[in-house]
>>> print(open('my_file_34.pdb').read())   # PDB, C-alpha atoms
ATOM      1  CA  MET R   1      10.522  -0.793  12.672
ATOM      2  CA  SER R   2      14.275  -0.671  13.253
ATOM      3  CA  GLU R   3      16.808  -0.177  10.466
ATOM      4  CA  THR R   4      20.126  -1.988  10.192
ATOM      5  CA  THR R   5      23.110  -1.588   7.926
ATOM      6  CA  ALA R   6      23.365  -5.275   7.029
ATOM      7  CA  ALA R   7      21.125  -8.318   7.163
ATOM      8  CA  ILE R   8      20.816 -11.706   5.524
ATOM      9  CA  ARG R   9      17.615 -12.468   3.640
ATOM     10  CA  PRO R  10      15.909 -15.624   4.924
ATOM     11  CA  PRO R  11      14.870 -18.395   2.539
ATOM     12  CA  GLU R  12      11.210 -18.418   1.515
ATOM     13  CA  PRO R  13       9.208 -20.910   3.584
ATOM     14  CA  ASP R  14       6.754 -23.534   2.412
ATOM     15  CA  TRP R  15       3.494 -21.544   2.503
ATOM     16  CA  SER R  16       1.350 -24.675   2.603
ATOM     17  CA  THR R  17       2.840 -25.948   5.879
ATOM     18  CA  ILE R  18       4.182 -22.857   7.656
ATOM     19  CA  THR R  19       3.233 -22.570  11.339
ATOM     20  CA  ALA R  20       2.413 -19.416  13.283
ATOM     21  CA  GLY R  21       5.811 -19.533  14.963
ATOM     22  CA  GLU R  22       7.631 -20.015  11.667
ATOM     23  CA  LEU R  23       5.695 -17.101  10.151
ATOM     24  CA  ALA R  24       6.676 -14.809  13.019
ATOM     25  CA  ALA R  25      10.343 -15.770  12.709
ATOM     26  CA  TYR R  26      10.325 -15.440   8.917
ATOM     27  CA  ARG R  27       8.772 -12.001   8.799
ATOM     28  CA  THR R  28      11.060 -10.692  11.538
ATOM     29  CA  ALA R  29      14.088 -11.770   9.500
ATOM     30  CA  GLU R  30      12.611 -10.670   6.163
ATOM     31  CA  ASN R  31      11.581  -7.237   7.448
ATOM     32  CA  ARG R  32      15.010  -6.800   9.030
ATOM     33  CA  PHE R  33      16.474  -7.420   5.586
ATOM     34  CA  ARG R  34      14.043  -5.046   3.852
ATOM     35  CA  ALA R  35      14.957  -2.282   6.311
ATOM     36  CA  SER R  36      18.702  -2.862   5.926
ATOM     37  CA  GLY R  37      21.282  -1.053   3.864
ATOM     38  CA  ALA R  38      21.869  -4.333   2.053
ATOM     39  CA  ALA R  39      18.385  -4.121   0.527
ATOM     40  CA  ARG R  40      18.859  -0.608  -0.883
ATOM     41  CA  ALA R  41      20.312  -2.004  -4.107
ATOM     42  CA  MET R  42      16.835  -3.428  -4.736
ATOM     43  CA  THR R  43      14.537  -0.982  -2.940
ATOM     44  CA  GLY R  44      16.357   2.222  -3.919
ATOM     45  CA  GLU R  45      17.839   5.130  -2.005
ATOM     46  CA  PRO R  46      15.581   7.708  -0.337
ATOM     47  CA  ASP R  47      15.330  11.159  -1.874
ATOM     48  CA  PRO R  48      17.890  13.409  -0.118
ATOM     49  CA  GLY R  49      15.344  16.224  -0.159
ATOM     50  CA  ALA R  50      13.164  14.458   2.413
ATOM     51  CA  VAL R  51      13.477  14.097   6.165
ATOM     52  CA  ILE R  52      12.302  10.685   7.382
ATOM     53  CA  GLU R  53      11.431   9.669  10.925
ATOM     54  CA  TRP R  54       9.355   7.140  12.787
ATOM     55  CA  GLN R  55       6.494   8.403  14.935
ATOM     56  CA  GLU R  56       3.714   6.715  16.850
ATOM     57  CA  VAL R  57       0.049   7.573  16.518
ATOM     58  CA  ALA R  58      -1.756   7.140  19.821
ATOM     59  CA  LEU R  59      -5.034   5.330  19.155
ATOM     60  CA  PRO R  60      -7.549   3.842  21.596
ATOM     61  CA  GLY R  61      -6.004   0.628  22.856
ATOM     62  CA  ARG R  62      -2.861   0.740  20.737
ATOM     63  CA  ASP R  63       0.011   2.831  19.423
ATOM     64  CA  LEU R  64       0.440   2.660  15.664
ATOM     65  CA  PRO R  65       3.899   3.253  14.144
ATOM     66  CA  VAL R  66       4.015   5.476  11.067
ATOM     67  CA  ARG R  67       6.984   6.434   8.918
ATOM     68  CA  VAL R  68       6.752  10.147   8.223
ATOM     69  CA  HIS R  69       8.381  11.815   5.217
ATOM     70  CA  ARG R  70       8.593  15.611   5.051
ATOM     71  CA  PRO R  71      10.281  17.905   2.545
ATOM     72  CA  ALA R  72      13.521  19.168   4.052
ATOM     73  CA  ALA R  73      12.777  22.624   2.658
ATOM     74  CA  GLY R  74       9.241  22.739   4.060
ATOM     75  CA  SER R  75       6.473  24.365   2.038
ATOM     76  CA  ALA R  76       7.211  27.206  -0.351
ATOM     77  CA  ASP R  77       5.010  29.655   1.561
ATOM     78  CA  GLY R  78       5.500  28.237   5.043
ATOM     79  CA  GLY R  79       1.901  27.000   5.153
ATOM     80  CA  ALA R  80       0.333  23.600   5.582
ATOM     81  CA  LEU R  81       1.265  20.862   3.114
ATOM     82  CA  PRO R  82      -0.907  18.271   1.403
ATOM     83  CA  LEU R  83      -1.243  14.938   3.167
ATOM     84  CA  VAL R  84      -0.549  11.653   1.413
ATOM     85  CA  LEU R  85      -1.482   8.652   3.538
ATOM     86  CA  HIS R  86       0.573   5.726   2.225
ATOM     87  CA  VAL R  87       0.137   2.024   2.981
ATOM     88  CA  HIS R  88       3.005  -0.342   2.176
ATOM     89  CA  GLY R  89       2.681  -3.607   0.328
ATOM     90  CA  GLY R  90       2.799  -6.967   2.037
ATOM     91  CA  GLY R  91       0.001  -8.539   4.031
ATOM     92  CA  PHE R  92       1.776 -10.977   6.348
ATOM     93  CA  VAL R  93       5.245  -9.482   5.787
ATOM     94  CA  GLY R  94       6.395  -5.977   4.866
ATOM     95  CA  THR R  95       7.436  -2.632   6.310
ATOM     96  CA  ALA R  96       7.052   1.029   5.391
ATOM     97  CA  THR R  97      10.848   1.276   5.073
ATOM     98  CA  GLN R  98      10.793  -0.808   1.890
ATOM     99  CA  CYS R  99       8.909   2.051   0.163
ATOM    100  CA  ASP R 100      11.250   4.929   1.085
ATOM    101  CA  TRP R 101      12.353   5.356  -2.535
ATOM    102  CA  VAL R 102       8.893   6.409  -3.680
ATOM    103  CA  THR R 103       7.445   7.929  -0.500
ATOM    104  CA  SER R 104      10.431  10.205   0.160
ATOM    105  CA  HIS R 105      10.379  11.309  -3.479
ATOM    106  CA  VAL R 106       6.705  12.268  -3.252
ATOM    107  CA  ALA R 107       7.331  14.147  -0.008
ATOM    108  CA  ALA R 108      10.283  16.092  -1.382
ATOM    109  CA  ARG R 109       9.047  16.757  -4.904
ATOM    110  CA  LEU R 110       5.309  17.361  -4.466
ATOM    111  CA  PRO R 111       5.937  18.603  -1.731
ATOM    112  CA  ALA R 112       3.752  16.896   0.891
ATOM    113  CA  VAL R 113       3.728  15.194   4.240
ATOM    114  CA  VAL R 114       3.683  11.475   3.492
ATOM    115  CA  VAL R 115       2.566   9.323   6.406
ATOM    116  CA  SER R 116       3.283   5.650   5.708
ATOM    117  CA  VAL R 117       1.326   3.308   7.958
ATOM    118  CA  GLU R 118       3.147   0.382   9.568
ATOM    119  CA  HIS R 119      -0.089  -1.581   9.727
ATOM    120  CA  ARG R 120      -0.556  -4.764  11.667
ATOM    121  CA  LEU R 121       0.591  -7.740   9.640
ATOM    122  CA  LEU R 122      -1.721 -10.642   9.013
ATOM    123  CA  ALA R 123      -1.363 -13.619  11.340
ATOM    124  CA  PRO R 124      -3.651 -16.343  12.680
ATOM    125  CA  ASP R 125      -4.908 -13.883  15.308
ATOM    126  CA  THR R 126      -4.696 -10.736  13.153
ATOM    127  CA  PRO R 127      -7.063 -10.728  10.160
ATOM    128  CA  LEU R 128      -7.251  -8.222   7.333
ATOM    129  CA  SER R 129      -9.909  -6.232   9.169
ATOM    130  CA  ALA R 130      -7.293  -5.210  11.763
ATOM    131  CA  ALA R 131      -4.904  -3.915   9.089
ATOM    132  CA  ALA R 132      -7.801  -2.100   7.418
ATOM    133  CA  ASP R 133      -8.630  -0.436  10.742
ATOM    134  CA  ASP R 134      -5.033   0.791  10.963
ATOM    135  CA  GLY R 135      -5.288   2.561   7.619
ATOM    136  CA  TRP R 136      -8.576   4.236   8.459
ATOM    137  CA  ASP R 137      -7.642   5.118  12.030
ATOM    138  CA  ALA R 138      -4.328   6.646  10.952
ATOM    139  CA  LEU R 139      -6.100   8.834   8.392
ATOM    140  CA  ARG R 140      -8.688  10.031  10.891
ATOM    141  CA  HIS R 141      -6.062  10.746  13.525
ATOM    142  CA  VAL R 142      -3.793  12.810  11.281
ATOM    143  CA  LEU R 143      -6.691  14.788   9.829
ATOM    144  CA  GLY R 144      -8.112  15.276  13.306
ATOM    145  CA  HIS R 145      -4.766  16.772  14.377
ATOM    146  CA  ALA R 146      -3.971  18.492  11.092
ATOM    147  CA  ARG R 147      -2.420  21.569  12.665
ATOM    148  CA  GLU R 148       0.067  19.554  14.707
ATOM    149  CA  TRP R 149       0.995  17.515  11.626
ATOM    150  CA  GLY R 150       1.282  20.603   9.445
ATOM    151  CA  VAL R 151      -1.131  19.291   6.821
ATOM    152  CA  ASP R 152      -4.020  20.794   4.912
ATOM    153  CA  PRO R 153      -6.988  18.424   5.425
ATOM    154  CA  ALA R 154      -8.634  19.760   2.266
ATOM    155  CA  ARG R 155      -5.737  18.349   0.203
ATOM    156  CA  THR R 156      -5.535  14.682   1.144
ATOM    157  CA  ALA R 157      -4.806  11.582  -0.912
ATOM    158  CA  VAL R 158      -4.516   7.874  -0.154
ATOM    159  CA  PHE R 159      -1.763   5.829  -1.834
ATOM    160  CA  GLY R 160      -1.270   2.097  -1.416
ATOM    161  CA  GLU R 161       0.639  -0.798  -2.942
ATOM    162  CA  SER R 162      -0.547  -4.422  -3.218
ATOM    163  CA  CYS R 163      -2.179  -5.337   0.111
ATOM    164  CA  GLY R 164      -1.581  -1.700   1.031
ATOM    165  CA  ALA R 165      -3.661  -0.708  -2.001
ATOM    166  CA  LEU R 166      -6.415  -3.003  -0.718
ATOM    167  CA  ILE R 167      -6.222  -1.275   2.674
ATOM    168  CA  GLY R 168      -6.109   2.076   0.901
ATOM    169  CA  ALA R 169      -9.188   1.315  -1.202
ATOM    170  CA  LEU R 170     -11.078   0.227   1.913
ATOM    171  CA  THR R 171      -9.957   3.437   3.646
ATOM    172  CA  VAL R 172     -11.275   5.528   0.751
ATOM    173  CA  LEU R 173     -14.621   3.719   0.944
ATOM    174  CA  ARG R 174     -14.872   4.359   4.690
ATOM    175  CA  ALA R 175     -13.962   7.993   4.182
ATOM    176  CA  SER R 176     -16.755   8.324   1.642
ATOM    177  CA  GLU R 177     -19.253   6.724   4.004
ATOM    178  CA  ALA R 178     -18.153   9.152   6.734
ATOM    179  CA  GLY R 179     -18.528  12.171   4.449
ATOM    180  CA  LEU R 180     -14.780  12.833   4.417
ATOM    181  CA  ALA R 181     -13.730  14.392   1.122
ATOM    182  CA  LEU R 182     -10.456  13.159  -0.357
ATOM    183  CA  ARG R 183      -8.744  14.551  -3.432
ATOM    184  CA  ALA R 184      -7.212  11.387  -4.895
ATOM    185  CA  GLN R 185      -6.447   7.700  -4.543
ATOM    186  CA  VAL R 186      -3.465   5.864  -6.027
ATOM    187  CA  LEU R 187      -3.691   2.070  -6.158
ATOM    188  CA  VAL R 188      -0.594   0.200  -7.338
ATOM    189  CA  ASN R 189      -0.929  -3.514  -8.204
ATOM    190  CA  PRO R 190      -3.945  -3.671  -5.900
ATOM    191  CA  ALA R 191      -5.592  -6.746  -4.465
ATOM    192  CA  THR R 192      -9.327  -5.995  -4.599
ATOM    193  CA  ASP R 193     -10.966  -9.403  -4.152
ATOM    194  CA  VAL R 194     -10.493 -11.631  -1.101
ATOM    195  CA  THR R 195     -13.611 -13.733  -1.673
ATOM    196  CA  ASP R 196     -13.597 -17.360  -2.786
ATOM    197  CA  ALA R 197     -13.190 -15.973  -6.329
ATOM    198  CA  MET R 198      -9.861 -14.295  -5.501
ATOM    199  CA  LEU R 199      -7.862 -16.847  -7.493
ATOM    200  CA  ASP R 200     -10.312 -17.207 -10.388
ATOM    201  CA  HIS R 201      -9.126 -14.157 -12.355
ATOM    202  CA  PRO R 202      -7.293 -14.993 -15.620
ATOM    203  CA  SER R 203      -4.098 -13.195 -14.576
ATOM    204  CA  ILE R 204      -3.750 -15.591 -11.634
ATOM    205  CA  ALA R 205      -3.519 -18.569 -13.968
ATOM    206  CA  ALA R 206      -1.197 -16.699 -16.315
ATOM    207  CA  TYR R 207       1.335 -15.409 -13.780
ATOM    208  CA  GLY R 208       0.739 -17.207 -10.491
ATOM    209  CA  GLN R 209       3.531 -19.720 -11.028
ATOM    210  CA  GLY R 210       6.281 -17.305 -12.041
ATOM    211  CA  PRO R 211       8.838 -15.430  -9.947
ATOM    212  CA  GLY R 212       7.510 -13.069  -7.313
ATOM    213  CA  LEU R 213       3.974 -13.383  -6.003
ATOM    214  CA  SER R 214       2.710 -16.965  -6.216
ATOM    215  CA  VAL R 215      -0.618 -18.742  -5.923
ATOM    216  CA  ALA R 216       0.700 -20.456  -2.793
ATOM    217  CA  GLN R 217       1.334 -17.068  -1.169
ATOM    218  CA  LEU R 218      -2.089 -15.807  -2.215
ATOM    219  CA  ARG R 219      -3.804 -18.861  -0.746
ATOM    220  CA  PHE R 220      -1.919 -18.326   2.500
ATOM    221  CA  PHE R 221      -2.769 -14.614   2.447
ATOM    222  CA  ARG R 222      -6.474 -15.293   2.024
ATOM    223  CA  ARG R 223      -6.467 -17.902   4.790
ATOM    224  CA  LEU R 224      -5.089 -15.304   7.207
ATOM    225  CA  ALA R 225      -7.084 -12.380   5.816
ATOM    226  CA  VAL R 226     -10.553 -13.872   6.064
ATOM    227  CA  PRO R 227     -11.052 -16.124   9.083
ATOM    228  CA  PRO R 228     -14.040 -18.492   9.188
ATOM    229  CA  GLY R 229     -17.278 -16.561   9.583
ATOM    230  CA  ALA R 230     -15.873 -13.245   8.330
ATOM    231  CA  ASP R 231     -17.609 -11.419   5.480
ATOM    232  CA  ALA R 232     -15.077 -11.526   2.631
ATOM    233  CA  ARG R 233     -17.173  -9.244   0.417
ATOM    234  CA  ALA R 234     -16.999  -6.479   3.040
ATOM    235  CA  LEU R 235     -13.189  -6.641   2.711
ATOM    236  CA  SER R 236     -13.238  -6.742  -1.118
ATOM    237  CA  PRO R 237     -13.517  -3.311  -2.772
ATOM    238  CA  LEU R 238     -14.389  -5.058  -6.035
ATOM    239  CA  TYR R 239     -17.752  -6.006  -4.523
ATOM    240  CA  ALA R 240     -18.552  -2.752  -2.728
ATOM    241  CA  ALA R 241     -22.245  -1.927  -3.118
ATOM    242  CA  ASP R 242     -21.659   1.732  -3.959
ATOM    243  CA  LEU R 243     -18.541   3.141  -5.615
ATOM    244  CA  SER R 244     -20.072   6.474  -6.547
ATOM    245  CA  GLY R 245     -18.700   9.760  -5.239
ATOM    246  CA  LEU R 246     -15.163   8.484  -4.736
ATOM    247  CA  PRO R 247     -12.083  10.630  -5.432
ATOM    248  CA  PRO R 248     -10.274  10.402  -8.782
ATOM    249  CA  ALA R 249      -8.194   7.244  -9.016
ATOM    250  CA  LEU R 250      -4.897   6.284 -10.585
ATOM    251  CA  VAL R 251      -4.740   2.495 -10.890
ATOM    252  CA  VAL R 252      -1.264   1.223 -11.795
ATOM    253  CA  VAL R 253      -1.102  -2.336 -13.115
ATOM    254  CA  PRO R 254       2.056  -4.313 -13.913
ATOM    255  CA  THR R 255       0.998  -6.714 -16.660
ATOM    256  CA  ASP R 256       2.997  -9.761 -15.498
ATOM    257  CA  ASP R 257       1.269  -9.838 -12.129
ATOM    258  CA  PRO R 258      -1.136 -12.462 -10.791
ATOM    259  CA  LEU R 259      -3.255  -9.581  -9.433
ATOM    260  CA  ALA R 260      -3.316  -7.592 -12.681
ATOM    261  CA  ASP R 261      -6.989  -8.397 -13.286
ATOM    262  CA  HIS R 262      -7.863  -7.300  -9.750
ATOM    263  CA  GLY R 263      -6.717  -3.804 -10.681
ATOM    264  CA  ARG R 264      -8.321  -3.855 -14.130
ATOM    265  CA  ARG R 265     -11.722  -4.995 -12.864
ATOM    266  CA  TYR R 266     -11.726  -2.470 -10.031
ATOM    267  CA  ALA R 267     -10.868   0.343 -12.444
ATOM    268  CA  GLU R 268     -13.795  -0.748 -14.616
ATOM    269  CA  ARG R 269     -16.169  -0.692 -11.641
ATOM    270  CA  LEU R 270     -14.960   2.740 -10.527
ATOM    271  CA  LEU R 271     -15.418   4.091 -14.034
ATOM    272  CA  ALA R 272     -18.919   2.607 -14.288
ATOM    273  CA  ALA R 273     -19.807   4.341 -11.005
ATOM    274  CA  GLY R 274     -18.791   7.729 -12.418
ATOM    275  CA  THR R 275     -15.372   8.029 -10.784
ATOM    276  CA  VAL R 276     -12.599   9.676 -12.766
ATOM    277  CA  VAL R 277     -10.114   6.849 -13.383
ATOM    278  CA  ARG R 278      -6.744   6.583 -15.053
ATOM    279  CA  LEU R 279      -5.679   2.980 -15.594
ATOM    280  CA  THR R 280      -2.071   2.529 -16.679
ATOM    281  CA  GLU R 281      -0.413  -0.773 -17.502
ATOM    282  CA  HIS R 282       3.328  -1.387 -17.427
ATOM    283  CA  SER R 283       4.143  -4.114 -19.912
ATOM    284  CA  GLY R 284       6.455  -6.805 -18.581
ATOM    285  CA  ALA R 285       6.524  -5.430 -15.033
ATOM    286  CA  ARG R 286       5.902  -7.824 -12.164
ATOM    287  CA  HIS R 287       4.045  -7.554  -8.887
ATOM    288  CA  ALA R 288       5.452  -5.051  -6.371
ATOM    289  CA  PHE R 289       7.654  -3.543  -9.092
ATOM    290  CA  LEU R 290       7.416  -0.077  -7.555
ATOM    291  CA  SER R 291       9.175  -1.276  -4.397
ATOM    292  CA  VAL R 292      12.175  -2.739  -6.209
ATOM    293  CA  PRO R 293      13.416  -0.037  -8.615
ATOM    294  CA  GLY R 294      16.842  -1.665  -8.595
ATOM    295  CA  LEU R 295      15.321  -4.717 -10.271
ATOM    296  CA  GLU R 296      12.383  -3.312 -12.254
ATOM    297  CA  ARG R 297      13.218  -0.686 -14.880
ATOM    298  CA  GLN R 298       9.605   0.544 -15.115
ATOM    299  CA  ALA R 299       9.474   1.636 -11.477
ATOM    300  CA  ALA R 300      10.918   5.068 -12.307
ATOM    301  CA  ALA R 301       8.249   5.772 -14.930
ATOM    302  CA  ALA R 302       5.515   4.715 -12.521
ATOM    303  CA  ARG R 303       6.924   6.950  -9.783
ATOM    304  CA  THR R 304       6.921   9.941 -12.142
ATOM    305  CA  GLU R 305       3.351   9.164 -13.162
ATOM    306  CA  ILE R 306       2.213   8.961  -9.537
ATOM    307  CA  LEU R 307       3.908  12.232  -8.653
ATOM    308  CA  GLU R 308       2.325  14.055 -11.597
ATOM    309  CA  PHE R 309      -1.119  12.660 -10.805
ATOM    310  CA  LEU R 310      -0.874  13.722  -7.158
ATOM    311  CA  ARG R 311       0.520  17.135  -8.078
ATOM    312  CA  THR R 312      -2.504  17.801 -10.284
ATOM    313  CA  ARG R 313      -5.052  16.508  -7.801
ATOM    314  CA  LEU R 314      -3.548  18.093  -4.678
ATOM    315  CA  ALA R 315      -2.948  21.541  -6.139
ATOM    316  CA  ALA R 316      -4.058  24.381  -3.885
TER     317      ALA R 316
END
>>> encode(input="my_file_34.pdb", output="structure tokens")
Amino acid sequence: MSETTAAIRPPEPDWSTITAGELAAYRTAENRFRASGAARAMTGEPDPGAVIEWQEVALPGRDLPVRVHRPAAGSADGGALPLVLHVHGGGFVGTATQCDWVTSHVAARLPAVVVSVEHRLLAPDTPLSAAADDGWDALRHVLGHAREWGVDPARTAVFGESCGALIGALTVLRASEAGLALRAQVLVNPATDVTDAMLDHPSIAAYGQGPGLSVAQLRFFRRLAVPPGADARALSPLYAADLSGLPPALVVVPTDDPLADHGRRYAERLLAAGTVVRLTEHSGARHAFLSVPGLERQAAAARTEILEFLRTRLAA
């Protein structure tokens, strides 16, 4: 959760042999790098029109860190702002700080209060269900204390990237089951299938050996995400029994991504269920491209697209 001015990026471990202790040490060093000034050349500079601070959400049995982005100028009329609940990418490594470039921009330009959830990271004793609980619990808490947060609960969207998009999609499904109306969902390079078929999609074979996200990482992710005896289908939005009545969705797919077909198939299922869906593909972009605008030229176009989609859906 801390930010430093300089850090050295650790070498990537061997995902097939990594131990719990090695994972903890690696992600501490990697997240320190991602939160450092040294990483800004890759992850981009925050929008100067946003004020960013860490807060903690007090939940039963735990305090959940969230990175809150607010427009420096406040709302035009001094009233409550839309809420965008954001979930960062990375399942067993990652931090909300790595997404400041896009989340601060949305906060400043929409404008909105963007609450980015520093969810629990996957580990041998922390499965995906715990991270999914963090997304849902953060949403319920902020909406339950909307006045203190300065948000309009009637104008709420969920926005996630990669594993964060998986958590976001699960949060949207839980909101629907609870009768909580959301205005929009934005899913960027989402993982939507953590069953045994997770690696069977054609895009895995096409791009799982290239730079960025690898099959080895995905195997390790699934091993942590779904412990023995857990119901993988309950954690896979692609296999949700009922996708009707969900808020309009923007699904953003980088084409050169092992998970590209996860996003495509989920968009197809949402559309078949009657959900308004916009599926956009960014040719040549790789996984997590939105978090590294310094390396991926298409990140800026995707950010503009996300902002315009949210502006339309969250209008008063």
>>> resolve_selection(input="my_file_34.pdb", expression="the PyMOL selection byres ((chain R and resi 144-160) around 7)", output="ChimeraX atom specification")
/R:80-88,113,140-143,161-162,164-165,168,182-188,314
>>> residues_around(input="my_file_34.pdb", residues="R:Arg265", least_positions_apart="3", cutoff="10 Å", atoms="only C-alpha atoms", output="list in words")
Thr192, Asp193, His201, Leu238, Ala260, Asp261, His262, Glu268, Arg269, Leu270 and Leu271 of chain R
>>> closest_residue(input="my_file_34.pdb", among="R:Leu213, R:Leu310, R:Arg233, R:Val252", to="R:Val114", atoms="all atoms listed in the file")
R:Leu310
>>> closest_residue(input="my_file_34.pdb", among="R:Asp100, R:Asp134, R:Asp196, R:Asp125", to="R:Thr171", atoms="only C-alpha atoms")
R:Asp134
>>> residues_around(input="my_file_34.pdb", residues="R:Pro254", least_positions_apart="5", cutoff="7 Å", atoms="all atoms listed in the file", output="short mmCIF file (atom, residue, chain, number, x, y, z; two decimals) with C-alpha atoms, in the coordinates of the input")
data_model
loop_
_atom_site.label_atom_id
_atom_site.label_comp_id
_atom_site.auth_asym_id
_atom_site.auth_seq_id
_atom_site.Cartn_x
_atom_site.Cartn_y
_atom_site.Cartn_z
CA ASN R 189 -0.93 -3.51 -8.20
CA ALA R 260 -3.32 -7.59 -12.68
CA GLU R 281 -0.41 -0.77 -17.50
CA HIS R 282 3.33 -1.39 -17.43
CA SER R 283 4.14 -4.11 -19.91
CA GLY R 284 6.46 -6.80 -18.58
CA ALA R 285 6.52 -5.43 -15.03
CA ARG R 286 5.90 -7.82 -12.16
CA HIS R 287 4.04 -7.55 -8.89
#
>>> build_atoms(input="my_file_34.pdb", residues="stretch 208-219 of chain R", atoms="N, CA and C atoms", output="tab-separated table (two decimals), in the coordinates of the input")
chain	number	residue	atom	x	y	z
R	208	GLY	N	0.65	-16.76	-11.88
R	208	GLY	CA	0.74	-17.21	-10.49
R	208	GLY	C	1.81	-18.23	-10.20
R	209	GLN	N	2.48	-18.73	-11.24
R	209	GLN	CA	3.53	-19.72	-11.03
R	209	GLN	C	4.92	-19.15	-11.28
R	210	GLY	N	5.00	-17.90	-11.70
R	210	GLY	CA	6.28	-17.30	-12.04
R	210	GLY	C	7.00	-16.76	-10.83
R	211	PRO	N	8.11	-16.04	-11.06
R	211	PRO	CA	8.84	-15.43	-9.95
R	211	PRO	C	8.01	-14.33	-9.30
R	212	GLY	N	8.27	-14.09	-8.02
R	212	GLY	CA	7.51	-13.07	-7.31
R	212	GLY	C	6.30	-13.67	-6.62
R	213	LEU	N	5.20	-12.96	-6.68
R	213	LEU	CA	3.97	-13.38	-6.00
R	213	LEU	C	3.45	-14.68	-6.61
R	214	SER	N	3.14	-15.65	-5.74
R	214	SER	CA	2.71	-16.96	-6.22
R	214	SER	C	1.31	-17.29	-5.72
R	215	VAL	N	0.69	-18.27	-6.36
R	215	VAL	CA	-0.62	-18.74	-5.92
R	215	VAL	C	-0.54	-19.27	-4.49
R	216	ALA	N	0.55	-19.94	-4.15
R	216	ALA	CA	0.70	-20.46	-2.79
R	216	ALA	C	0.68	-19.32	-1.76
R	217	GLN	N	1.36	-18.22	-2.07
R	217	GLN	CA	1.33	-17.07	-1.17
R	217	GLN	C	-0.06	-16.46	-1.08
R	218	LEU	N	-0.75	-16.39	-2.21
R	218	LEU	CA	-2.09	-15.81	-2.22
R	218	LEU	C	-3.07	-16.67	-1.43
R	219	ARG	N	-2.94	-17.98	-1.54
R	219	ARG	CA	-3.80	-18.86	-0.75
R	219	ARG	C	-3.54	-18.65	0.75
